[in-house]
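The next block is structure-v1.cif, given as mmCIF, C-alpha atoms and all ligand atoms.
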data_query
#
loop_
_atom_site.label_atom_id
_atom_site.label_comp_id
_atom_site.auth_asym_id
_atom_site.auth_seq_id
_atom_site.Cartn_x
_atom_site.Cartn_y
_atom_site.Cartn_z
CA MET K 1 -16.15 -13.27 -2.90
CA ARG K 2 -18.39 -10.20 -2.62
CA LEU K 3 -18.53 -9.79 1.12
CA VAL K 4 -19.43 -7.00 3.53
CA ILE K 5 -18.68 -7.25 7.25
CA LEU K 6 -20.91 -5.29 9.60
CA ASP K 7 -20.54 -4.32 13.22
CA ARG K 8 -23.87 -4.77 15.00
CA ASP K 9 -24.48 -2.15 17.68
CA GLY K 10 -24.51 1.34 16.21
CA VAL K 11 -24.53 0.04 12.63
CA ILE K 12 -27.53 -2.29 12.29
CA ASN K 13 -29.31 -1.43 15.53
CA GLU K 14 -29.34 1.54 17.89
CA ASP K 15 -26.50 1.32 20.42
CA SER K 16 -27.07 1.55 24.16
CA ASP K 17 -24.61 2.31 26.95
CA ALA K 18 -26.74 -0.03 29.08
CA TYR K 19 -26.10 -2.88 26.56
CA ILE K 20 -28.73 -4.66 24.50
CA LYS K 21 -29.80 -7.34 26.96
CA SER K 22 -33.05 -8.67 25.47
CA PRO K 23 -34.86 -8.89 22.12
CA ASP K 24 -37.10 -5.99 23.18
CA GLU K 25 -34.13 -3.68 23.54
CA TRP K 26 -33.01 -4.41 20.00
CA GLN K 27 -34.20 -1.57 17.75
CA ALA K 28 -33.10 -1.36 14.11
CA ILE K 29 -31.57 1.88 12.86
CA PRO K 30 -33.94 3.27 10.20
CA GLY K 31 -32.90 2.08 6.74
CA SER K 32 -30.30 -0.46 7.95
CA LEU K 33 -32.41 -3.57 7.30
CA GLU K 34 -33.35 -2.38 3.83
CA ALA K 35 -29.67 -1.67 3.19
CA ILE K 36 -28.78 -5.27 4.05
CA ALA K 37 -31.49 -6.48 1.66
CA ARG K 38 -30.09 -4.29 -1.12
CA LEU K 39 -26.60 -5.68 -0.54
CA VAL K 40 -27.90 -9.24 -0.70
CA HIS K 41 -29.84 -8.56 -3.90
CA ALA K 42 -26.63 -7.22 -5.39
CA ASP K 43 -24.99 -10.60 -4.63
CA PHE K 44 -23.07 -9.55 -1.56
CA HIS K 45 -22.66 -11.91 1.35
CA VAL K 46 -23.24 -10.09 4.63
CA VAL K 47 -21.73 -11.22 7.94
CA VAL K 48 -21.76 -9.59 11.36
CA ALA K 49 -18.74 -9.21 13.66
CA THR K 50 -19.66 -7.94 17.11
CA ASN K 51 -18.15 -7.52 20.58
CA GLN K 52 -20.64 -8.72 23.18
CA SER K 53 -18.82 -8.21 26.47
CA GLY K 54 -22.22 -8.08 28.20
CA ILE K 55 -21.84 -11.87 28.38
CA ALA K 56 -18.54 -11.69 30.28
CA ARG K 57 -20.05 -8.99 32.47
CA GLY K 58 -22.91 -11.33 33.36
CA LEU K 59 -25.60 -9.03 31.93
CA PHE K 60 -26.99 -11.74 29.65
CA ASN K 61 -26.00 -15.23 28.53
CA VAL K 62 -25.37 -16.82 25.16
CA ASP K 63 -28.91 -18.15 25.10
CA MET K 64 -30.28 -14.63 25.41
CA LEU K 65 -27.84 -13.42 22.75
CA ASN K 66 -29.23 -16.08 20.42
CA ARG K 67 -32.74 -14.84 21.08
CA ILE K 68 -31.70 -11.26 20.36
CA HIS K 69 -30.12 -12.44 17.13
CA SER K 70 -33.23 -14.42 16.19
CA ARG K 71 -35.19 -11.20 16.36
CA MET K 72 -32.56 -9.40 14.27
CA ILE K 73 -32.55 -12.15 11.64
CA ASP K 74 -36.38 -12.20 11.54
CA GLU K 75 -36.50 -8.51 10.90
CA ILE K 76 -33.82 -8.77 8.23
CA HIS K 77 -35.76 -11.59 6.50
CA HIS K 78 -38.85 -9.48 6.69
CA LYS K 79 -37.19 -6.84 4.54
CA GLY K 80 -35.94 -9.48 2.12
CA GLY K 81 -32.36 -9.57 3.40
CA GLU K 82 -30.13 -12.33 4.71
CA ILE K 83 -27.00 -12.59 6.80
CA ASP K 84 -24.68 -15.54 6.37
CA ALA K 85 -23.27 -15.64 9.86
CA ILE K 86 -22.79 -13.79 13.12
CA PHE K 87 -19.34 -13.82 14.70
CA PHE K 88 -19.26 -12.55 18.27
CA CYS K 89 -16.75 -12.12 21.06
CA PRO K 90 -18.26 -12.98 24.45
CA HIS K 91 -15.19 -11.81 26.41
CA GLY K 92 -14.49 -8.74 28.49
CA PRO K 93 -11.50 -6.38 28.41
CA ASP K 94 -9.64 -8.39 31.06
CA ASP K 95 -9.92 -11.73 29.31
CA HIS K 96 -7.02 -10.92 26.98
CA CYS K 97 -8.71 -12.74 24.14
CA ARG K 98 -7.77 -12.30 20.52
CA CYS K 99 -11.34 -11.89 19.28
CA ARG K 100 -12.48 -8.72 21.04
CA LYS K 101 -12.14 -5.85 18.57
CA PRO K 102 -9.75 -3.97 18.10
CA ASN K 103 -8.12 -7.40 18.00
CA ILE K 104 -8.15 -9.31 14.81
CA GLY K 105 -9.66 -12.65 15.90
CA LEU K 106 -13.22 -12.26 14.63
CA PHE K 107 -11.95 -11.18 11.22
CA GLU K 108 -9.49 -14.07 11.10
CA GLU K 109 -12.35 -16.40 11.91
CA ILE K 110 -14.46 -14.92 9.11
CA ALA K 111 -11.62 -15.34 6.63
CA THR K 112 -11.07 -18.96 7.71
CA ARG K 113 -14.71 -20.03 7.77
CA LEU K 114 -15.59 -18.35 4.48
CA LYS K 115 -12.28 -19.47 2.93
CA THR K 116 -11.54 -16.03 1.61
CA ASN K 117 -9.05 -13.30 2.25
CA LEU K 118 -10.42 -9.99 3.34
CA SER K 119 -8.38 -7.62 1.22
CA GLY K 120 -10.85 -5.50 -0.69
CA THR K 121 -13.68 -6.38 1.71
CA TYR K 122 -15.49 -3.48 3.33
CA ALA K 123 -15.98 -3.62 7.09
CA VAL K 124 -18.50 -1.14 8.44
CA GLY K 125 -18.31 0.03 12.04
CA ASP K 126 -19.05 2.96 14.30
CA SER K 127 -16.00 2.96 16.56
CA LEU K 128 -12.24 3.08 16.48
CA ARG K 129 -12.09 -0.58 17.56
CA ASP K 130 -13.84 -1.58 14.36
CA ILE K 131 -11.45 0.46 12.24
CA VAL K 132 -8.30 -0.90 13.86
CA ALA K 133 -9.50 -4.51 13.65
CA ALA K 134 -10.58 -4.13 10.02
CA ARG K 135 -7.32 -2.57 8.94
CA ALA K 136 -5.26 -5.14 10.82
CA ALA K 137 -7.18 -7.84 8.94
CA GLN K 138 -6.40 -6.10 5.62
CA ALA K 139 -10.10 -5.26 5.14
CA ILE K 140 -11.17 -1.74 4.18
CA PRO K 141 -12.66 0.10 7.17
CA VAL K 142 -15.74 2.27 6.75
CA LEU K 143 -17.10 4.49 9.49
CA VAL K 144 -20.79 5.32 9.83
CA LYS K 145 -22.01 8.25 11.92
CA THR K 146 -24.77 6.25 13.60
CA GLY K 147 -24.22 4.80 17.08
CA LYS K 148 -20.89 6.02 18.44
CA GLY K 149 -19.83 7.09 14.94
CA SER K 150 -20.20 10.84 15.34
CA SER K 151 -18.20 10.92 18.55
CA THR K 152 -15.58 8.57 17.06
CA LEU K 153 -15.21 11.05 14.24
CA THR K 154 -14.67 14.06 16.48
CA LYS K 155 -12.53 12.29 19.08
CA THR K 156 -10.00 10.63 16.79
CA SER K 157 -8.08 12.84 14.44
CA GLY K 158 -5.39 10.16 14.29
CA LEU K 159 -7.02 7.70 11.95
CA ASP K 160 -7.79 9.59 8.79
CA SER K 161 -8.08 8.09 5.33
CA VAL K 162 -11.18 6.16 6.39
CA ALA K 163 -14.35 6.61 4.32
CA VAL K 164 -17.23 8.07 6.36
CA PHE K 165 -20.96 7.76 5.67
CA ASP K 166 -24.08 8.98 7.47
CA ASP K 167 -25.36 5.46 7.99
CA LEU K 168 -25.39 1.93 6.57
CA ALA K 169 -27.97 3.00 3.97
CA ALA K 170 -25.68 5.75 2.66
CA PHE K 171 -22.70 3.39 2.53
CA THR K 172 -24.78 0.82 0.66
CA SER K 173 -25.95 3.38 -1.89
CA ALA K 174 -22.36 4.46 -2.50
CA LEU K 175 -21.12 0.89 -2.85
CA LEU K 176 -23.92 -0.22 -5.18
CA GLY K 177 -23.87 3.04 -7.08
CA GLY K 178 -20.23 2.51 -7.96
CA GLY K 179 -19.05 5.26 -5.62
CA LEU K 180 -16.59 2.83 -4.05
CA ALA K 181 -14.28 0.37 -5.69
CA VAL K 182 -15.55 -3.20 -5.45
CA THR K 183 -13.21 -6.14 -5.41
CA PRO K 184 -15.17 -9.28 -6.18
CA MET P 1 1.82 -20.72 35.80
CA THR P 2 2.00 -17.38 37.53
CA ARG P 3 2.78 -14.25 35.64
CA ILE P 4 6.16 -14.03 37.34
CA ALA P 5 7.09 -17.55 36.24
CA ARG P 6 5.95 -16.77 32.70
CA ALA P 7 7.98 -13.58 32.59
CA ALA P 8 11.00 -15.44 33.99
CA LEU P 9 10.65 -18.13 31.36
CA PHE P 10 10.53 -15.49 28.67
CA GLN P 11 13.64 -13.82 30.06
CA VAL P 12 15.61 -17.07 30.12
CA GLY P 13 14.76 -17.79 26.49
CA PHE P 14 15.47 -14.19 25.54
CA VAL P 15 18.96 -14.22 27.03
CA ALA P 16 19.65 -17.69 25.62
CA SER P 17 18.59 -16.53 22.16
CA ILE P 18 21.12 -13.71 22.28
CA ALA P 19 23.81 -16.20 23.29
CA VAL P 20 22.90 -18.36 20.28
CA TRP P 21 22.25 -15.70 17.65
CA ALA P 22 25.00 -13.19 18.35
CA PRO P 23 27.89 -15.61 17.61
CA VAL P 24 26.10 -16.74 14.44
CA VAL P 25 25.65 -13.13 13.31
CA LEU P 26 29.27 -12.31 14.20
CA ALA P 27 30.42 -15.29 12.17
CA LEU P 28 28.56 -13.87 9.19
CA PHE P 29 30.60 -10.64 9.14
CA TRP P 30 31.68 -11.45 5.58
CA LEU P 31 28.11 -11.43 4.21
CA LYS P 32 26.60 -8.41 2.46
CA PRO P 33 24.57 -6.27 4.90
CA ILE P 34 21.08 -7.17 3.69
CA PRO P 35 21.56 -10.98 3.59
CA ARG P 36 23.13 -10.71 7.05
CA TYR P 37 20.21 -8.63 8.19
CA LEU P 38 17.83 -11.39 7.05
CA VAL P 39 19.54 -13.66 9.59
CA ILE P 40 19.46 -11.01 12.32
CA ARG P 41 15.73 -10.44 11.90
CA GLN P 42 15.02 -14.11 12.56
CA TRP P 43 16.15 -13.36 16.09
CA GLY P 44 13.53 -10.61 16.44
CA ARG P 45 10.95 -13.00 15.05
CA PHE P 46 11.94 -15.70 17.54
CA THR P 47 11.75 -13.39 20.57
CA VAL P 48 8.29 -12.14 19.60
CA TRP P 49 7.09 -15.70 19.06
CA TRP P 50 8.59 -16.76 22.41
CA LEU P 51 6.80 -13.86 24.08
CA LYS P 52 3.50 -15.13 22.72
CA ILE P 53 4.19 -18.68 23.91
CA THR P 54 5.37 -17.71 27.39
CA CYS P 55 3.41 -14.56 28.24
CA GLY P 56 0.38 -14.80 25.93
CA LEU P 57 1.27 -11.47 24.37
CA SER P 58 0.79 -11.30 20.60
CA TYR P 59 0.35 -8.44 18.15
CA GLN P 60 -1.43 -7.23 15.05
CA VAL P 61 -0.50 -4.65 12.46
CA ALA P 62 -2.89 -2.27 10.72
CA GLY P 63 -1.97 -0.15 7.73
CA ARG P 64 0.77 -2.31 6.18
CA GLU P 65 -0.38 -1.00 2.80
CA HIS P 66 1.04 2.38 3.77
CA ILE P 67 4.65 1.15 3.77
CA PRO P 68 6.29 2.76 0.71
CA LYS P 69 7.94 0.41 -1.79
CA THR P 70 11.15 2.42 -1.61
CA PRO P 71 13.15 3.25 1.54
CA CYS P 72 11.88 6.01 3.79
CA VAL P 73 12.23 7.35 7.32
CA ILE P 74 10.04 5.55 9.86
CA LEU P 75 9.17 7.62 12.93
CA SER P 76 7.71 5.57 15.76
CA LYS P 77 6.43 5.83 19.27
CA HIS P 78 8.81 4.15 21.72
CA GLN P 79 7.33 2.60 24.87
CA SER P 80 9.10 -0.70 25.40
CA THR P 81 11.72 -3.14 24.21
CA TRP P 82 8.96 -4.90 22.30
CA GLU P 83 8.95 -2.62 19.27
CA THR P 84 12.68 -2.98 18.73
CA LEU P 85 12.15 -6.74 18.50
CA ALA P 86 8.91 -6.85 16.51
CA TYR P 87 9.80 -4.16 13.99
CA GLN P 88 12.60 -6.34 12.66
CA TRP P 89 9.93 -8.60 11.26
CA ILE P 90 7.22 -6.03 10.51
CA PHE P 91 9.27 -3.61 8.40
CA PRO P 92 11.50 -4.12 5.36
CA PRO P 93 15.28 -4.26 5.92
CA HIS P 94 16.09 -1.24 8.03
CA VAL P 95 18.66 0.31 10.34
CA TRP P 96 18.20 1.99 13.68
CA VAL P 97 19.44 5.27 14.98
CA LEU P 98 20.69 4.43 18.45
CA LYS P 99 22.94 5.48 21.29
CA ARG P 100 26.54 4.47 20.68
CA GLU P 101 26.75 2.98 24.19
CA LEU P 102 24.29 0.23 23.20
CA LEU P 103 26.92 -1.27 20.90
CA TRP P 104 29.22 -1.87 23.85
CA ILE P 105 26.89 -4.43 25.42
CA PRO P 106 28.60 -7.82 25.08
CA LEU P 107 27.11 -10.05 22.34
CA LEU P 108 23.86 -8.11 21.87
CA GLY P 109 25.67 -4.87 21.09
CA TRP P 110 28.27 -6.55 18.91
CA GLY P 111 25.53 -8.25 16.91
CA MET P 112 23.68 -4.96 16.60
CA ALA P 113 26.84 -3.30 15.31
CA LEU P 114 26.73 -5.70 12.36
CA SER P 115 23.24 -4.50 11.47
CA GLN P 116 24.83 -1.19 10.44
CA PRO P 117 23.01 1.12 12.84
CA ILE P 118 23.56 4.86 12.88
CA ALA P 119 25.21 5.01 16.29
CA ILE P 120 25.29 8.49 17.71
CA ALA P 121 27.02 10.05 20.69
CA ARG P 122 24.26 11.96 22.34
CA GLU P 123 26.42 14.34 24.29
CA GLN P 124 27.55 15.86 20.98
CA LYS P 125 24.22 17.09 19.70
CA ARG P 126 25.36 19.02 16.64
CA ARG P 127 27.54 16.26 15.34
CA ALA P 128 24.85 13.67 16.06
CA ILE P 129 22.36 15.41 13.78
CA ASP P 130 24.92 15.83 11.00
CA GLN P 131 25.76 12.15 11.33
CA VAL P 132 22.11 11.06 11.17
CA ILE P 133 21.70 13.02 7.94
CA ARG P 134 24.98 11.91 6.38
CA ASP P 135 24.80 8.21 7.31
CA GLY P 136 21.04 8.14 6.91
CA LYS P 137 21.19 9.32 3.30
CA LYS P 138 23.81 6.70 2.57
CA ARG P 139 21.76 3.88 4.13
CA LEU P 140 18.65 5.00 2.26
CA ARG P 141 20.60 4.87 -1.00
CA ASP P 142 21.72 1.36 -0.04
CA GLY P 143 18.07 0.31 0.15
CA ARG P 144 17.57 0.41 3.93
CA TYR P 145 14.65 2.03 5.73
CA ILE P 146 15.63 4.14 8.76
CA ILE P 147 13.79 3.66 12.06
CA ILE P 148 13.95 6.60 14.45
CA PHE P 149 12.25 6.99 17.81
CA PRO P 150 11.93 10.77 17.82
CA GLU P 151 11.28 10.98 21.55
CA GLY P 152 14.79 9.61 21.99
CA THR P 153 13.96 7.11 24.69
CA ARG P 154 11.16 4.88 25.95
CA VAL P 155 8.21 6.90 27.20
CA ALA P 156 5.66 5.58 29.71
CA ARG P 157 2.08 4.83 28.73
CA GLY P 158 0.02 8.01 28.62
CA GLU P 159 3.05 10.25 28.25
CA HIS P 160 4.66 11.95 25.31
CA GLY P 161 8.20 13.27 24.99
CA ARG P 162 9.27 16.14 22.79
CA PHE P 163 9.73 15.00 19.20
CA LYS P 164 13.30 15.72 18.13
CA LEU P 165 13.78 17.10 14.66
CA GLY P 166 16.50 14.73 13.38
CA GLY P 167 14.24 12.25 11.59
CA ALA P 168 12.26 14.94 9.78
CA ARG P 169 15.49 16.70 8.81
CA LEU P 170 16.86 13.48 7.35
CA ALA P 171 13.65 12.88 5.36
CA CYS P 172 13.74 16.42 3.95
CA ALA P 173 17.43 16.17 3.12
CA ALA P 174 16.93 12.81 1.40
CA ALA P 175 13.60 13.83 -0.18
CA CYS P 176 11.86 10.67 1.04
CA PRO P 177 8.57 10.40 2.92
CA VAL P 178 8.14 9.98 6.66
CA LEU P 179 6.13 6.95 7.77
CA PRO P 180 4.45 7.53 11.16
CA VAL P 181 3.89 4.51 13.42
CA ALA P 182 1.87 4.29 16.65
CA HIS P 183 1.31 1.33 18.96
CA ASN P 184 0.24 0.46 22.49
CA ALA P 185 3.02 -1.95 23.54
CA GLY P 186 3.55 0.06 26.73
CA CYS P 187 0.12 -1.04 27.96
CA PHE P 188 1.34 -4.64 28.02
CA TRP P 189 5.08 -4.40 28.50
CA GLY P 190 6.04 -1.29 30.46
CA ARG P 191 9.33 0.50 30.25
CA ARG P 192 11.66 -1.47 32.58
CA ALA P 193 8.76 -3.74 33.65
CA PHE P 194 9.58 -7.40 34.16
CA LEU P 195 5.97 -8.62 34.16
CA LYS P 196 4.03 -8.67 30.91
CA ARG P 197 0.27 -8.41 30.59
CA PRO P 198 -1.24 -10.96 28.18
CA GLY P 199 -3.19 -9.56 25.24
CA VAL P 200 -2.75 -8.23 21.72
CA ILE P 201 -0.54 -5.23 20.96
CA SER P 202 -1.88 -3.05 18.14
CA VAL P 203 0.57 -1.42 15.76
CA VAL P 204 -0.91 1.16 13.38
CA ILE P 205 1.10 2.37 10.40
CA GLY P 206 -0.15 5.73 9.17
CA PRO P 207 -0.27 7.24 5.70
CA PRO P 208 3.20 8.42 4.58
CA ILE P 209 3.88 12.14 5.01
CA ALA P 210 5.36 13.71 1.88
CA VAL P 211 8.18 16.20 2.48
CA GLU P 212 7.93 18.16 -0.76
CA GLY P 213 7.32 21.84 -0.07
CA LYS P 214 7.55 21.44 3.71
CA ASP P 215 10.31 22.32 6.12
CA PRO P 216 11.49 19.75 8.69
CA ALA P 217 9.57 21.44 11.51
CA ALA P 218 6.29 21.12 9.59
CA VAL P 219 6.94 17.46 8.75
CA ASN P 220 7.86 16.78 12.37
CA THR P 221 4.70 18.45 13.64
CA LEU P 222 2.48 16.42 11.30
CA ALA P 223 4.17 13.19 12.36
CA GLU P 224 4.06 14.11 16.03
CA ARG P 225 0.37 14.96 15.91
CA TRP P 226 -0.56 11.75 14.12
CA ILE P 227 1.57 9.53 16.34
CA THR P 228 0.42 11.16 19.58
CA ASP P 229 -3.27 11.13 18.68
CA THR P 230 -3.19 7.56 17.44
CA THR P 231 -1.21 6.33 20.44
CA ASP P 232 -3.70 7.98 22.81
CA ALA P 233 -6.55 6.27 20.99
CA LEU P 234 -4.84 2.86 20.99
CA GLU P 235 -4.09 3.13 24.70
CA LYS P 236 -7.77 3.62 25.38
CA LEU P 237 -8.52 0.43 23.48
CA ALA P 238 -5.94 -1.69 25.33
MG MG Q 1 -20.52 -0.68 17.44
ZN ZN Q 2 -13.05 -12.55 22.69
#

Now, as a test, write the supplied structure out as structure tokens.
Amino acid sequence: MRLVILDRDGVINEDSDAYIKSPDEWQAIPGSLEAIARLVHADFHVVVATNQSGIARGLFNVDMLNRIHSRMIDEIHHKGGEIDAIFFCPHGPDDHCRCRKPNIGLFEEIATRLKTNLSGTYAVGDSLRDIVAARAAQAIPVLVKTGKGSSTLTKTSGLDSVAVFDDLAAFTSALLGGGLAVTP
Amino acid sequence: MTRIARAALFQVGFVASIAVWAPVVLALFWLKPIPRYLVIRQWGRFTVWWLKITCGLSYQVAGREHIPKTPCVILSKHQSTWETLAYQWIFPPHVWVLKRELLWIPLLGWGMALSQPIAIAREQKRRAIDQVIRDGKKRLRDGRYIIIFPEGTRVARGEHGRFKLGGARLACAAACPVLPVAHNAGCFWGRRAFLKRPGVISVVIGPPIAVEGKDPAAVNTLAERWITDTTDALEKLA
């Protein structure tokens, strides 16, 4: 299965230290929506895997998260793209769940629901949590410099051998241009 | 159940498992080392499973693709008892470098002795290093990976000990790569701590470090830097 897994905040939309708490606060990163459309037109399935601890912290509820995601999906449709599913972790750091990245749960869930294994699947993120979770799930981590990406890059010398791109658009161009190996 | 009760339950099962496994392993003294090891590692697997059931502490491994197909020297962070249990299942058949005194523990130590560890007397430093290189090369030839905790002992979360040179010297002498491993087990199961914090331990296996054209000190420094940096990062995530 041609699948790409995307983190949300800092990859599709601008990240915020104050959390994205309403549809209004959700602002796409320039070029990210078009990139998703290009992936879809090249027969990739796109799913989102995102930590949303704002729910556990009481900053917004699942209903609000759904409204934020409705806006995101609308904007993606508008550019001719599509995402198959959104997998989110609503827990906080003290909930000891298995889904909050860097833990593997969201990726396991993706593999189970889509009945696929993730080896050869690219997982794009902007933080170390995304990289650790992706690698633990046997997916191929990709780091983008948007969101927390630049600071992740300078702060962690430990996790090399991860491909780095300026943004989702640059990753997409490399993938579709044959600059990365694709495992169908 | 309280955390104390959970930890106590784990401890009871842990001790009981030693009482069950050690006699079985001892009775298998006649087996070849690797088949016997395959029985021993089931014990590690059981204890890690039991830890998940009782204390809600599980784990995940990133970077398995970095494990070389042929035996090498594995250098790992050491923060808790956990890694000595879990590694039995995570890594291919291997031996440990450990303090000779550990083999004197009734049952547990006797069972460990049958896993062919490189048991060193730490008060005799010179001889210990020679022994690690001599026995290590032999075990590598026999198809075993060598696990070494270069800091020598368990180190508390947030701290780093000096990386001793023995592992890097063995890798250079045997011309095999060094595989660096970091994890954050100490954030969940402290050194000497009875209580365990529920959660998911992350183990990250790094890209192998080739020894060709490097001296042991250079190899050691590369491994130390990778392990320390990655451990620091993982601790922040825990
Ligand atoms: Mg992010
Ligand atoms: Zn969760």

*Taking all atoms listed in the file into account, report as a PyMOL selection string which residues of chain P lie within 9 Å of chain K.*
chain P and resi 56-65+197-204+206-207+225-234+237-238

Once you have the residues from the selection above, write them out as a short mmCIF file (atom, residue, chain, number, x, y, z; two decimals), in the frame of the given file, restricted to C-alpha atoms.
data_model
loop_
_atom_site.label_atom_id
_atom_site.label_comp_id
_atom_site.auth_asym_id
_atom_site.auth_seq_id
_atom_site.Cartn_x
_atom_site.Cartn_y
_atom_site.Cartn_z
CA GLY P 56 0.38 -14.80 25.93
CA LEU P 57 1.27 -11.47 24.37
CA SER P 58 0.79 -11.30 20.60
CA TYR P 59 0.35 -8.44 18.15
CA GLN P 60 -1.43 -7.23 15.05
CA VAL P 61 -0.50 -4.65 12.46
CA ALA P 62 -2.89 -2.27 10.72
CA GLY P 63 -1.97 -0.15 7.73
CA ARG P 64 0.77 -2.31 6.18
CA GLU P 65 -0.38 -1.00 2.80
CA ARG P 197 0.27 -8.41 30.59
CA PRO P 198 -1.24 -10.96 28.18
CA GLY P 199 -3.19 -9.56 25.24
CA VAL P 200 -2.75 -8.23 21.72
CA ILE P 201 -0.54 -5.23 20.96
CA SER P 202 -1.88 -3.05 18.14
CA VAL P 203 0.57 -1.42 15.76
CA VAL P 204 -0.91 1.16 13.38
CA GLY P 206 -0.15 5.73 9.17
CA PRO P 207 -0.27 7.24 5.70
CA ARG P 225 0.37 14.96 15.91
CA TRP P 226 -0.56 11.75 14.12
CA ILE P 227 1.57 9.53 16.34
CA THR P 228 0.42 11.16 19.58
CA ASP P 229 -3.27 11.13 18.68
CA THR P 230 -3.19 7.56 17.44
CA THR P 231 -1.21 6.33 20.44
CA ASP P 232 -3.70 7.98 22.81
CA ALA P 233 -6.55 6.27 20.99
CA LEU P 234 -4.84 2.86 20.99
CA LEU P 237 -8.52 0.43 23.48
CA ALA P 238 -5.94 -1.69 25.33
#

_Please list as a list in words every residue within 10 Å of Asp130 of chain P, counting all atoms listed in the file and excluding residues in the same chain fewer than 4 positions away._
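Returned residues: Ile120, Lys125, Arg126, Arg134, Asp135, Gly136, Gly166, Arg169 and Leu170 of chain P.
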
_Residue nearest Arg2 of chain K - candidates K:Ala42, K:Ile29, K:Val144, K:Leu106, atoms counted: only C-alpha atoms_ =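 So, comparing all the options, the nearest one is K:Ala42.
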
*Please identify every polymer residue within 6 Å of ligand MG 1 (chain Q), using only C-alpha atoms and all ligand atoms, and present the set as a VMD selection string.*
chain K and resid 7 to 10 125 to 127

*Enter the distance from atom CA of Gln88 of chain P to atom CA of Arg41 of chain P, in Å, rounded to one decimal.*
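Calculated distance between atom CA of Gln88 of chain P and atom CA of Arg41 of chain P is 5.2 Å.
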
*Would you kindly return, as a list in words, each protein, DNA or RNA residue with an atom no farther than 12 Å from any atom of Arg154 of chain P, considering only C-alpha atoms and excluding same-chain residues fewer than 6 positions away?*
Ser76, Lys77, His78, Gln79, Ser80, Thr81, Trp82, Glu83, Thr84, Ile148, His160, Gly161, Arg162, Ala185, Gly186, Trp189, Gly190, Arg191, Arg192 and Ala193 of chain P

_Atomic distance atom CA of Tyr145 of chain P - atom CA of Trp21 of chain P, expressed in Å with one decimal_ =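 It comes out at 22.7 Å.
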
*asked:* Just want the 12 Å neighbourhood of segment 3-8 of chain P, counted on all atoms listed in the file, with same-chain residues fewer than 3 positions away dropped. Output as an MDAnalysis selection string.
replied: chainID P and resid 11:15 50:57 189 193:198
